[in-house]
>>> print(open('model.cif').read())   # mmCIF, C-alpha atoms
data_work
loop_
_atom_site.label_atom_id
_atom_site.label_comp_id
_atom_site.auth_asym_id
_atom_site.auth_seq_id
_atom_site.Cartn_x
_atom_site.Cartn_y
_atom_site.Cartn_z
CA MET C 1085 39.76 19.09 145.59
CA SER C 1086 39.13 20.38 149.02
CA PRO C 1087 37.46 18.50 151.85
CA ALA C 1088 34.74 21.14 151.71
CA ASP C 1089 33.48 19.72 148.39
CA GLY C 1090 32.57 16.49 150.12
CA LEU C 1091 34.78 14.38 147.85
CA SER C 1092 38.32 13.41 148.51
CA ALA C 1093 40.81 11.37 146.56
CA GLU C 1094 40.65 8.64 149.16
CA ALA C 1095 36.87 8.20 149.10
CA PRO C 1096 35.61 4.80 147.80
CA GLU C 1097 33.21 6.54 145.35
CA ALA C 1098 36.10 8.26 143.56
CA GLY C 1099 36.19 5.77 140.58
CA PHE C 1100 35.69 2.23 139.33
CA THR C 1101 37.67 -0.74 140.58
CA ILE C 1102 39.31 -3.10 138.11
CA ILE C 1103 36.70 -5.76 138.99
CA GLU C 1104 33.86 -3.43 138.03
CA VAL C 1105 35.55 -2.57 134.73
CA LEU C 1106 36.10 -6.27 133.92
CA ILE C 1107 32.47 -7.11 134.71
CA ALA C 1108 31.27 -4.27 132.48
CA LEU C 1109 33.53 -5.47 129.63
CA ALA C 1110 32.24 -9.04 130.06
CA ILE C 1111 28.64 -7.82 129.82
CA VAL C 1112 29.44 -5.82 126.69
CA ALA C 1113 31.23 -8.82 125.12
CA VAL C 1114 28.31 -11.17 125.82
CA SER C 1115 25.89 -8.62 124.35
CA LEU C 1116 27.98 -8.26 121.19
CA VAL C 1117 28.20 -12.04 120.74
CA ALA C 1118 24.41 -12.34 121.12
CA ILE C 1119 23.79 -9.58 118.57
CA GLY C 1120 26.28 -11.18 116.16
CA SER C 1121 24.60 -14.58 116.37
CA VAL C 1122 21.18 -13.04 115.74
CA MET C 1123 22.49 -11.20 112.68
CA SER C 1124 24.18 -14.35 111.41
CA GLY C 1125 20.94 -16.30 111.76
CA ASN C 1126 19.03 -13.59 109.91
CA ALA C 1127 21.56 -13.59 107.05
CA ARG C 1128 21.39 -17.39 106.80
CA GLY C 1129 17.58 -17.27 106.77
CA ALA C 1130 17.55 -14.59 104.09
CA ARG C 1131 19.94 -16.67 101.94
CA GLN C 1132 17.72 -19.75 102.30
CA LEU C 1133 14.66 -17.71 101.37
CA GLU C 1134 16.41 -16.35 98.27
CA ASN C 1135 17.39 -19.89 97.22
CA HIS C 1136 13.80 -21.10 97.74
CA VAL C 1137 12.38 -18.23 95.68
CA ALA C 1138 14.86 -18.99 92.87
CA LEU C 1139 13.82 -22.66 92.97
CA ILE C 1140 10.13 -21.72 92.73
CA GLN C 1141 10.85 -19.37 89.82
CA ARG C 1142 12.69 -22.14 87.94
CA ALA C 1143 9.83 -24.57 88.60
CA ARG C 1144 7.36 -22.03 87.25
CA ALA C 1145 9.50 -21.51 84.16
CA VAL C 1146 9.62 -25.28 83.59
CA MET C 1147 5.83 -25.56 84.02
CA THR C 1148 5.32 -22.76 81.52
CA ALA C 1149 7.87 -23.68 78.89
CA MET C 1150 8.49 -27.41 79.13
CA VAL C 1151 5.06 -28.93 79.76
CA PRO C 1152 3.58 -29.48 76.31
CA PRO C 1153 0.27 -27.86 75.37
CA ARG C 1154 -2.88 -29.91 75.94
CA LYS C 1155 -3.05 -31.01 72.28
CA GLU C 1156 0.48 -32.45 72.42
CA LEU C 1157 0.40 -33.83 75.97
CA ALA C 1158 1.01 -37.58 76.11
CA PRO C 1159 2.23 -40.01 78.77
CA GLY C 1160 6.00 -40.06 79.09
CA ALA C 1161 8.91 -38.22 80.64
CA LEU C 1162 10.95 -35.17 79.72
CA SER C 1163 14.08 -33.96 81.46
CA GLY C 1164 16.70 -31.32 81.04
CA GLN C 1165 18.73 -28.61 82.64
CA ASN C 1166 18.08 -24.88 82.98
CA GLY C 1167 21.29 -23.22 84.12
CA ASP C 1168 22.46 -25.20 87.14
CA TYR C 1169 18.93 -26.44 87.87
CA ARG C 1170 17.88 -29.92 86.72
CA TRP C 1171 14.24 -30.58 85.92
CA GLN C 1172 12.04 -33.53 85.05
CA VAL C 1173 8.43 -33.66 83.82
CA ASP C 1174 6.51 -36.95 84.11
CA VAL C 1175 3.09 -37.39 82.52
CA GLY C 1176 1.03 -40.46 83.30
CA PRO C 1177 -2.33 -41.76 84.46
CA VAL C 1178 -3.74 -40.40 87.70
CA ALA C 1179 -4.40 -43.78 89.32
CA GLU C 1180 -5.35 -47.32 88.54
CA GLY C 1181 -9.10 -47.85 88.53
CA SER C 1182 -9.83 -44.20 87.79
CA ILE C 1183 -12.28 -42.80 85.29
CA ALA C 1184 -9.66 -43.26 82.57
CA ASP C 1185 -10.28 -47.01 82.68
CA LYS C 1186 -13.97 -46.59 81.80
CA PRO C 1187 -14.51 -46.81 78.04
CA ASP C 1188 -17.50 -44.44 78.01
CA ALA C 1189 -15.66 -41.56 79.72
CA ALA C 1190 -15.18 -38.51 77.47
CA TRP C 1191 -12.20 -37.22 79.43
CA ILE C 1192 -8.95 -38.84 80.54
CA PRO C 1193 -7.17 -37.30 83.54
CA LEU C 1194 -3.38 -37.21 83.22
CA LEU C 1195 -1.11 -36.50 86.17
CA VAL C 1196 1.69 -34.05 85.38
CA ARG C 1197 4.59 -34.09 87.86
CA VAL C 1198 7.34 -31.49 87.71
CA ARG C 1199 10.50 -31.91 89.80
CA VAL C 1200 13.19 -29.23 89.91
CA ARG C 1201 16.50 -29.72 91.74
CA SER C 1202 18.72 -26.78 92.63
CA PRO C 1203 22.53 -26.85 92.62
CA SER C 1204 22.46 -27.12 96.43
CA GLY C 1205 20.35 -30.29 96.24
CA ALA C 1206 17.00 -28.81 97.30
CA THR C 1207 14.06 -30.13 95.30
CA LEU C 1208 10.60 -28.83 94.54
CA ASP C 1209 7.85 -31.18 93.37
CA LEU C 1210 4.69 -29.87 91.72
CA GLU C 1211 1.74 -31.96 90.60
CA THR C 1212 -1.28 -31.04 88.54
CA VAL C 1213 -3.97 -32.92 86.65
CA ARG C 1214 -4.79 -32.16 83.03
CA LEU C 1215 -8.02 -33.41 81.51
CA MET C 1216 -7.62 -34.71 77.98
CA HIS C 1217 -10.33 -35.55 75.46
CA ARG C 1218 -10.51 -39.29 74.93
CA PRO C 1219 -9.61 -40.09 71.33
CA ARG C 1220 -12.59 -41.33 69.31
CA GLN C 1221 -12.40 -44.95 68.30
#
>>> encode(input="model.cif", output="C-alpha cells")
Amino acid sequence: MSPADGLSAEAPEAGFTIIEVLIALAIVAVSLVAIGSVMSGNARGARQLENHVALIQRARAVMTAMVPPRKELAPGALSGQNGDYRWQVDVGPVAEGSIADKPDAAWIPLLVRVRVRSPSGATLDLETVRLMHRPRQ
C-alpha cells in the first residue's frame, strides 16, 4: 500500500487488537449460553406439557371405561393400573347432612372421585356428582 491511499501498515486502524478479539469472543460465548438455556427451558416445558396431556388422557380413559354406568354405580372403591399409570375410583356420599339424608328425596347424589398417578409421580384428581334414583322401599 502506498502512503497516497491514506492507509499504512503502521496505522492504528489497520486491524483488531487481541483485546478486541477476546471481547468479541466473550460476547459471542455469552450469547450462545443464553440461547442454549432458553432452548433447554423450552424443551423441558414441552416435555412437562406432553406428560400432563398424557395424564389427562389416561384420566379421561379411566372416567369413560372404569366408572360404572348409572344403573350399576354404588358406593365403594375401584383401583387398577393402565400401563404405567395407577388409577383409583371412589364413590361415596357427597356430604353429611345433604339431601341424601332426607327420606322423601327422590334422588341421591353420589360423589365420584377419580385419581390417576403417572409413573413420574404426578397426580390428577377429578370429581363429579352423579344423581341416582333413590330405591323404593
>>> atom_distance(input="model.cif", atom1="atom CA of Leu1215 of chain C", atom2="atom CA of Ala1190 of chain C")
9.7 Å
>>> atom_distance(input="model.cif", atom1="atom CA of Ala1149 of chain C", atom2="atom CA of Ala1206 of chain C")
21.2 Å
>>> residues_around(input="model.cif", residues="Val1173 of chain C", least_positions_apart="6", cutoff="8 Å", atoms="only C-alpha atoms", output="list in words")
Met1150, Val1151, Ala1161, Leu1162, Ser1163, Val1196, Arg1197, Val1198 and Arg1199 of chain C
>>> resolve_selection(input="model.cif", expression="the PyMOL selection byres ((chain C and resi 1158) around 8)", output="ChimeraX atom specification")
/C:1156-1157,1159-1160,1175-1176
>>> atom_distance(input="model.cif", atom1="atom CA of Ala1138 of chain C", atom2="atom CA of Leu1194 of chain C")
27.5 Å
>>> closest_residue(input="model.cif", among="C:Leu1195, C:Arg1131, C:Tyr1169, C:Val1105", to="Ala1143 of chain C", atoms="only C-alpha atoms")
C:Tyr1169
>>> residues_near_point(input="model.cif", point="(18.0, -28.2, 89.7)", cutoff="12 Å", atoms="all atoms listed in the file", output="VMD selection string")
chain C and resid 1135 to 1136 1138 to 1143 1146 1163 to 1172 1198 to 1209
>>> closest_residue(input="model.cif", among="C:Val1112, C:Ala1145, C:Ala1189, C:Val1213", to="Pro1177 of chain C", atoms="only C-alpha atoms")
C:Val1213
>>> residues_near_point(input="model.cif", point="(-11.0, -37.1, 79.2)", cutoff="10 Å", atoms="all atoms listed in the file", output="ChimeraX atom specification")
/C:1183-1184,1188-1194,1214-1219
